[in-house]
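The structure appears right after this line, and notes come after that.
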Protein chains: 2
Amino acid sequence: MSTRTVTPTTLTTREFELVAKALSDPRRMALLEAIGSATTFPCHQLCEQFPVSKGTISHHMKELLRAGLIKARREGQYIHYEVRRETIAAYSNELMRRMGQPGPADA
Amino acid sequence: MSTRTVTPTTLTTREFELVAKALSDPRRMALLEAIGSATTFPCHQLCEQFPVSKGTISHHMKELLRAGLIKARREGQYIHYEVRRETIAAYSNELMRRMGQPGPADA
DNA sequence: GTTGTTGTTCGACAGTTATAAAACTGTAGT
DNA sequence: ACTACAGTTTTATAACTGTCGAACAACAAC
């Protein structure tokens with residue numbers, strides 16, 4: 001069944017590192033999950049739901065953007081965020097690939 | 001068709017955080033890959049192949065152990081490390097699950 | 001224009017961490 | 001016992017980072 005014509009979406013070494021880094025902070029991971037819980041998520045709601053300052057929220061959003069884990073869209077007064085699931089999938093795949101095949105060379 | 005033998009291997013919240021943290025450092029990720037490149041890997045070879053002190057290697061191994069990403073086995077004078085691929089798979093699955101995607105049951 | 005709301009950026013601070021170097025523990029073979 | 005090698009723990013340091021708060025910028029409505 002797996003015609004698998006979807007985008008491969010590979011990650012460069014740098015992107016892989018940025019994603020890993022972005023996912024490593026529990027708060028940032030929670031923010032990402034919150035954004036992913038809806039198709040889009042306005043930023044000021046994040047500020048309401050998490051006990052951190054808006055400066056901190058903004059900082060985390062910047063990191064998630066840098067890693068390509070979310071995309072932002074200005075909607076008049078507000079900014080809406082959306083999870084880029086391809087990036088998550090690509091990171092997951094790359095992770096498995098790097099751990100994938102044990103080489104023949106065993107000491 | 002996979003017969004679903006064992007290892008549901010779910011991760012607790014804490015384990016999930018530890019794995020994410022452990023994977024976030026490029027050097028540590030590289031060490032994990034090196035260990036995974038063979039079925040087992042003696043520690044002193046890691047010290048040779050990476051330009052870091054053995055104290056630093058030991059520190060990283062401790063973190064990887066804490067995250068459940070490797071297991072260690074004393075072999076006389078040496079210590080052999082082995083990648084716990086179930087943990088990687090469990091982390092990957094949990095990541096996809098949290099983002100509302102079905103994990104790749106067999107990829 | 002002014003005012004209010006939303007988000008960014010800029011110090012500053014506290015906690016974390018990757019690293020080395022030295023001291024220490026353990027293990028193997030003299 | 002001693003020597004050599006393998007790995008851990010301790011100590012110190014430099015760099016990084018999550019956080020706040022305040023200043024700033026952008027936008028909407030007045």
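Here, A, B, ... name the chains of the structure tokens in the order displayed, residue numbers run from 1 inside each chain, and ligands are numbered from 1 in the same displayed order.
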Cα RMSD of chain B after least-squares fit onto chain A, all atoms paired in order: 5.5 Å
Check: which chain C residues lie within 7 Å of chain B using only C-alpha atoms (C1' of nucleotides), as a list in words: DT19, DA20 and DT27 of chain C
Within 10 Å of chain B: residues of chain D, using only C-alpha atoms (C1' of nucleotides), as a PyMOL selection string: chain D and resi 5-9
Separation of CA of Ala89 (chain B) from CA of Ile88 (chain A), in Å and rounded to one decimal: 14.0 Å
Interface residues on chain B facing chain A, 7 Å, only C-alpha atoms, written as number ranges by chain: B: 17, 20-21, 23-24, 26, 33, 36-40, 92, 98-99
Atomic distance C1' of DG7 (chain C) - CA of His80 (chain A), expressed in Å with one decimal: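 That distance, rounded to one decimal, is 11.5 Å.
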d(CA of Glu48 (chain B), C1' of DT13 (chain D)) in Å: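 Rounded to one decimal, the two atoms are 24.5 Å apart.
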